[in-house]
>>> print(open('my_file_16.txt').read())   # compact mmCIF, C-alpha atoms
# COMPACT_ATOMS: atom_id res chain seq x y z
CA MET A 1 -6.17 16.60 -0.54
CA ALA A 2 -2.85 16.94 1.21
CA SER A 3 0.27 15.80 -0.57
CA SER A 4 1.45 12.26 0.13
CA GLY A 5 5.02 13.48 0.19
CA ALA A 6 7.77 13.94 -2.34
CA LEU A 7 6.99 12.29 -5.66
CA LEU A 8 9.38 9.41 -6.23
CA CYS A 9 8.67 9.09 -9.94
CA LYS A 10 8.43 11.40 -12.90
CA PRO A 11 4.96 13.00 -13.13
CA ALA A 12 4.52 11.47 -16.58
CA ASP A 13 5.01 7.99 -15.09
CA LYS A 14 2.50 8.34 -12.25
CA ALA A 15 -0.59 7.03 -14.10
CA ARG A 16 1.33 4.03 -15.44
CA LEU A 17 2.61 3.17 -11.97
CA GLU A 18 -0.85 3.53 -10.45
CA ALA A 19 -2.20 1.05 -13.00
CA LYS A 20 0.67 -1.37 -12.31
CA ASN A 21 0.14 -1.08 -8.58
CA GLY A 22 -3.57 -1.73 -9.03
CA VAL A 23 -2.76 -5.04 -10.68
CA GLU A 24 -0.42 -5.89 -7.79
CA GLN A 25 -3.22 -5.16 -5.30
CA LEU A 26 -5.36 -7.71 -7.11
CA ASP A 27 -2.50 -10.21 -7.00
CA TYR A 28 -2.21 -9.63 -3.26
CA ILE A 29 -5.93 -10.31 -2.81
CA ALA A 30 -5.55 -13.57 -4.73
CA TYR A 31 -2.57 -14.49 -2.54
CA LEU A 32 -4.55 -13.85 0.64
CA VAL A 33 -7.66 -15.71 -0.49
CA LEU A 34 -6.26 -18.57 -2.57
CA ASP A 35 -2.80 -19.20 -1.14
CA LEU A 36 -3.02 -18.20 2.51
CA LYS A 37 -6.75 -18.97 2.66
CA VAL A 38 -7.27 -16.26 5.27
CA ARG A 39 -10.62 -16.20 7.04
CA GLU A 40 -10.43 -12.79 8.69
CA ILE A 41 -9.37 -9.33 7.63
CA ARG A 42 -6.40 -7.84 9.45
CA GLU A 43 -5.38 -4.23 9.83
CA SER A 44 -2.04 -5.14 8.28
CA PHE A 45 -3.89 -6.04 5.06
CA VAL A 46 -5.24 -2.48 4.83
CA GLN A 47 -1.76 -1.06 5.34
CA GLU A 48 -0.31 -3.43 2.74
CA PHE A 49 -3.00 -2.42 0.22
CA HIS A 50 -1.90 1.18 0.70
CA LYS A 51 1.79 0.33 0.51
CA ILE A 52 1.20 -1.37 -2.83
CA ALA A 53 -1.01 1.48 -4.10
CA VAL A 54 1.70 4.12 -3.68
CA GLN A 55 4.87 2.08 -4.22
CA ASP A 56 7.39 3.83 -6.47
CA ILE A 57 5.14 6.91 -6.37
CA TYR A 58 5.21 8.22 -2.79
CA PRO A 59 7.38 7.29 0.21
CA CYS A 60 4.52 7.04 2.72
CA GLY A 61 3.34 3.51 1.94
CA GLY A 62 1.41 1.90 4.79
CA ALA A 63 1.88 4.90 7.13
CA TYR A 64 -1.19 6.56 8.60
CA ARG A 65 -1.51 10.31 8.27
CA ASN A 66 -0.27 12.38 11.19
CA ALA A 67 0.07 16.02 12.25
CA LEU A 68 2.53 16.56 9.41
CA LYS A 69 0.20 15.00 6.84
CA ARG A 70 -3.15 16.61 7.46
CA VAL A 71 -5.84 15.95 4.88
CA VAL A 72 -8.73 17.94 3.46
CA ILE A 73 -10.97 16.30 0.85
CA ARG A 74 -11.42 18.82 -1.91
CA GLY A 75 -14.99 19.39 -3.07
CA SER A 76 -16.47 17.51 -0.12
CA PRO A 77 -18.09 18.84 3.06
CA HIS A 78 -16.80 15.83 4.97
CA ALA A 79 -14.23 16.71 7.63
CA VAL A 80 -11.97 13.72 8.19
CA PRO A 81 -11.44 12.56 11.81
CA HIS A 82 -8.44 13.87 13.69
CA GLU A 83 -5.24 12.04 12.85
CA SER A 84 -4.89 10.84 16.45
CA LEU A 85 -8.11 8.81 16.00
CA VAL A 86 -7.09 7.06 12.78
CA PRO A 87 -5.50 3.87 14.20
CA THR A 88 -8.47 3.21 16.49
CA LYS A 89 -11.02 3.85 13.77
CA VAL A 90 -9.27 1.55 11.29
CA SER A 91 -9.01 -1.14 13.96
CA ASP A 92 -12.72 -0.72 14.76
CA LEU A 93 -13.58 -1.02 11.07
CA VAL A 94 -11.62 -4.25 10.68
CA GLU A 95 -13.23 -5.66 13.83
CA LYS A 96 -16.72 -4.79 12.56
CA LEU A 97 -16.09 -6.37 9.16
CA ASN A 98 -14.99 -9.61 10.80
CA ARG A 99 -17.81 -9.58 13.35
CA GLU A 100 -20.53 -8.96 10.77
CA ARG A 101 -19.42 -11.62 8.31
CA GLY A 102 -22.18 -14.19 8.11
CA ASN A 103 -24.70 -11.81 9.66
CA THR A 104 -24.68 -9.06 7.02
CA PRO A 105 -25.12 -9.65 3.27
CA PRO A 106 -21.66 -9.51 1.65
CA LEU A 107 -22.55 -6.69 -0.74
CA ASP A 108 -23.82 -4.60 2.17
CA LEU A 109 -20.65 -5.29 4.12
CA ALA A 110 -18.50 -4.46 1.09
CA ALA A 111 -20.41 -1.19 0.63
CA TYR A 112 -19.80 -0.31 4.27
CA ALA A 113 -16.07 -1.11 3.98
CA LEU A 114 -15.73 1.01 0.84
CA TRP A 115 -17.50 3.98 2.38
CA ARG A 116 -16.04 3.77 5.87
CA LEU A 117 -12.38 3.57 4.88
CA ASN A 118 -12.90 6.58 2.62
CA TRP A 119 -14.68 8.32 5.52
CA ILE A 120 -11.73 7.66 7.85
CA HIS A 121 -9.27 8.64 5.11
CA PRO A 122 -6.39 7.10 7.08
CA PHE A 123 -3.64 7.92 4.62
CA ALA A 124 -2.33 11.13 3.09
CA GLY A 125 -3.11 9.78 -0.37
CA GLY A 126 -4.19 6.57 -2.10
CA ASN A 127 -7.26 6.15 0.11
CA GLY A 128 -9.65 5.41 -2.75
CA ARG A 129 -7.47 2.68 -4.21
CA THR A 130 -6.98 1.17 -0.77
CA ALA A 131 -10.71 1.27 0.00
CA ARG A 132 -11.66 -0.37 -3.30
CA ALA A 133 -9.17 -3.16 -2.67
CA LEU A 134 -10.59 -3.72 0.83
CA CYS A 135 -14.12 -3.77 -0.58
CA TYR A 136 -13.14 -6.44 -3.09
CA LEU A 137 -11.38 -8.49 -0.42
CA VAL A 138 -14.62 -8.55 1.61
CA ILE A 139 -16.43 -10.10 -1.37
CA CYS A 140 -13.64 -12.54 -2.21
CA LEU A 141 -13.42 -13.76 1.39
CA ASP A 142 -17.14 -14.44 1.47
CA LEU A 143 -16.92 -16.43 -1.76
CA GLY A 144 -13.68 -18.15 -0.84
CA LEU A 145 -12.34 -17.34 -4.28
CA VAL A 146 -11.50 -14.49 -6.63
CA PRO A 147 -14.42 -14.15 -9.07
CA PRO A 148 -13.57 -14.55 -12.75
CA GLY A 149 -13.89 -11.79 -15.29
CA LEU A 150 -12.07 -8.65 -16.40
CA PRO A 151 -11.91 -5.81 -15.57
CA GLN A 152 -12.29 -6.56 -11.88
CA LEU A 153 -14.46 -4.69 -9.42
CA PRO A 154 -11.93 -2.06 -8.19
CA THR A 155 -11.26 -0.96 -11.77
CA LEU A 156 -14.93 -0.94 -12.74
CA ILE A 157 -15.83 1.26 -9.77
CA PHE A 158 -12.96 3.64 -10.52
CA LYS A 159 -14.20 4.02 -14.08
CA ARG A 160 -17.58 5.20 -12.76
CA ARG A 161 -16.08 8.02 -10.74
CA GLU A 162 -19.13 10.30 -10.76
CA ASP A 163 -21.42 7.54 -9.47
CA TYR A 164 -18.77 6.54 -6.94
CA VAL A 165 -18.42 10.07 -5.57
CA GLU A 166 -22.20 10.49 -5.41
CA ALA A 167 -22.51 7.23 -3.49
CA LEU A 168 -19.87 8.39 -1.01
CA ARG A 169 -21.69 11.70 -0.56
CA ALA A 170 -25.03 9.95 0.02
CA ALA A 171 -23.46 7.76 2.70
CA ASP A 172 -21.76 10.76 4.32
CA ALA A 173 -25.04 12.68 4.38
CA GLY A 174 -26.85 9.80 6.06
CA GLU A 175 -24.10 9.48 8.65
CA LYS A 176 -24.21 13.20 9.38
CA GLU A 177 -28.00 13.44 9.61
CA SER A 178 -28.91 10.27 11.46
CA GLY A 179 -25.69 8.54 12.44
CA THR A 180 -26.39 5.79 9.89
CA PRO A 181 -24.77 5.95 6.43
CA GLU A 182 -27.09 5.70 3.43
CA LEU A 183 -25.39 2.83 1.63
CA ALA A 184 -28.02 1.86 -0.96
CA PRO A 185 -26.31 3.78 -3.82
CA MET A 186 -22.93 2.27 -2.92
CA ARG A 187 -24.36 -1.23 -2.73
CA ALA A 188 -26.02 -0.77 -6.13
CA LEU A 189 -22.72 0.42 -7.61
CA ILE A 190 -20.86 -2.61 -6.24
CA GLU A 191 -23.57 -5.02 -7.40
CA ASP A 192 -23.47 -3.54 -10.90
CA ALA A 193 -19.67 -3.78 -11.01
CA MET A 194 -19.76 -7.45 -9.97
CA THR A 195 -22.45 -8.15 -12.57
CA ARG A 196 -20.31 -6.56 -15.26
CA GLN A 197 -17.22 -8.46 -14.17
CA LEU A 198 -19.00 -11.81 -14.28
CA ALA A 199 -20.79 -10.95 -17.53
CA SER A 200 -17.42 -10.46 -19.20
CA VAL A 201 -16.80 -14.20 -18.79
CA ILE A 202 -20.01 -15.02 -20.69
CA GLU A 203 -19.07 -12.51 -23.39
CA SER A 204 -15.63 -14.07 -23.79
CA LEU A 205 -17.22 -17.52 -24.19
CA SER A 206 -19.70 -16.20 -26.72
CA GLY A 207 -17.11 -14.46 -28.88
CA PRO A 208 -15.63 -15.85 -32.09
CA ARG A 209 -12.89 -18.43 -31.81
CA SER A 210 -10.50 -19.52 -34.49
CA SER A 211 -10.32 -23.29 -34.92
CA LYS A 212 -7.26 -25.24 -35.93
CA ARG A 213 -7.39 -28.67 -37.52
>>> encode(input="my_file_16.txt", output="structure tokens")
Amino acid sequence: MASSGALLCKPADKARLEAKNGVEQLDYIAYLVLDLKVREIRESFVQEFHKIAVQDIYPCGGAYRNALKRVVIRGSPHAVPHESLVPTKVSDLVEKLNRERGNTPPLDLAAYALWRLNWIHPFAGGNGRTARALCYLVICLDLGLVPPGLPQLPTLIFKRREDYVEALRAADAGEKESGTPELAPMRALIEDAMTRQLASVIESLSGPRSSKR
């Protein structure tokens, strides 16, 4: 993958900042869903997810890749679309997500969002974190709330990196062969992550509690 630009932090601090930024992405989702009560996804939300993902790490937050920031996905046969097509493809994705709400099962729509934003790869770096945040927003908007439980879906998917990458490859292969992505593995991964997130609430209620009299 191409570099996202000059590193703003010390290399040793990068993982810590990524984790902090991940929490801030979740806070932003809660703000959109619970405070602003948005009903539609906007392209600016995608750009803000990316800006948060790379803040204090890279200086390219929210900026689409261009001729100076060309990207190759290492270990993948997928060739990302030309940088000149990125704004249109992101806009088309957002429009499709809004149009299909209510007509497509939310987990299917979330799977499509997660795959498609990775397929477009609109940024020089931080695409995975941005795509997982968008995927979670799709689910939260359908529910009208942020589901309880920890860790939350973006983190749970990240922790299953091998399954995540395989699901992306399956979708890419379907898109290449027939023009239709094979999203069943991605949907299963998302469904499992949501099940685990919600199950953590039951586990916390079932655990020992100290009583005070």
>>> residues_around(input="my_file_16.txt", residues="A:Asp163", least_positions_apart="3", cutoff="12 Å", atoms="all atoms listed in the file", output="MDAnalysis selection string")
chainID A and resid 156:160 166:170 185:190 192:193
>>> closest_atom_pairs(input="my_file_16.txt", of="stretch 119-204 of chain A", to="stretch 60-69 of chain A", cutoff="6 Å", atoms="all atoms listed in the file", output="Markdown table")
| residue | atom | partner | partner_atom | distance |
| --- | --- | --- | --- | --- |
| A:Pro122 | CA | A:Tyr64 | CA | 5.4 |
| A:Phe123 | CA | A:Arg65 | CA | 4.9 |
| A:Ala124 | CA | A:Arg65 | CA | 5.3 |
>>> closest_residue(input="my_file_16.txt", among="A:Ile120, A:Leu205, A:Val146, A:Leu93", to="A:Ile41", atoms="only C-alpha atoms")
A:Leu93
>>> residues_around(input="my_file_16.txt", residues="A:Leu109", least_positions_apart="4", cutoff="10 Å", atoms="all atoms listed in the file", output="list in words")
Lys96, Leu97, Asn98, Glu100, Arg101, Gly102, Asn103, Thr104, Pro105, Ala113, Leu114, Trp115, Cys135, Val138, Ile139, Leu183 and Arg187 of chain A
>>> closest_residue(input="my_file_16.txt", among="A:Arg70, A:Arg42, A:Arg196, A:His50", to="A:Gly128", atoms="all atoms listed in the file")
A:His50
>>> closest_residue(input="my_file_16.txt", among="A:Ala173, A:Val23, A:Leu34, A:Met194", to="A:Phe49", atoms="only C-alpha atoms")
A:Val23
>>> atom_distance(input="my_file_16.txt", atom1="atom CA of A:Lys14", atom2="atom CA of A:Arg129")
14.0 Å
>>> closest_residue(input="my_file_16.txt", among="A:Ile52, A:Pro87, A:Asp27, A:Gly149", to="A:Ser200", atoms="all atoms listed in the file")
A:Gly149
>>> residues_near_point(input="my_file_16.txt", point="(-15.6, -2.1, -3.3)", cutoff="7 Å", atoms="all atoms listed in the file", output="mmCIF file with C-alpha atoms, in the coordinates of the input")
data_model
loop_
_atom_site.group_PDB
_atom_site.id
_atom_site.type_symbol
_atom_site.label_atom_id
_atom_site.label_comp_id
_atom_site.auth_asym_id
_atom_site.auth_seq_id
_atom_site.Cartn_x
_atom_site.Cartn_y
_atom_site.Cartn_z
ATOM 1 C CA ALA A 110 -18.500 -4.460 1.090
ATOM 2 C CA ALA A 111 -20.410 -1.190 0.630
ATOM 3 C CA LEU A 114 -15.730 1.010 0.840
ATOM 4 C CA ALA A 131 -10.710 1.270 0.000
ATOM 5 C CA ARG A 132 -11.660 -0.370 -3.300
ATOM 6 C CA ALA A 133 -9.170 -3.160 -2.670
ATOM 7 C CA LEU A 134 -10.590 -3.720 0.830
ATOM 8 C CA CYS A 135 -14.120 -3.770 -0.580
ATOM 9 C CA TYR A 136 -13.140 -6.440 -3.090
ATOM 10 C CA LEU A 153 -14.460 -4.690 -9.420
ATOM 11 C CA PRO A 154 -11.930 -2.060 -8.190
ATOM 12 C CA ILE A 190 -20.860 -2.610 -6.240
#
>>> residues_around(input="my_file_16.txt", residues="A:Ala6", least_positions_apart="3", cutoff="10 Å", atoms="only C-alpha atoms", output="ChimeraX atom specification")
/A:3,9,57-60
>>> closest_residue(input="my_file_16.txt", among="A:Val165, A:Leu36, A:Val54, A:Leu150", to="A:Gln197", atoms="all atoms listed in the file")
A:Leu150
>>> atom_distance(input="my_file_16.txt", atom1="atom CA of A:Asp13", atom2="atom CA of A:Trp119")
28.5 Å
>>> closest_residue(input="my_file_16.txt", among="A:Ala171, A:Cys140, A:Ala184, A:Val201", to="A:Arg39", atoms="all atoms listed in the file")
A:Cys140
>>> atom_distance(input="my_file_16.txt", atom1="atom CA of A:Thr180", atom2="atom CA of A:Tyr164")
18.5 Å
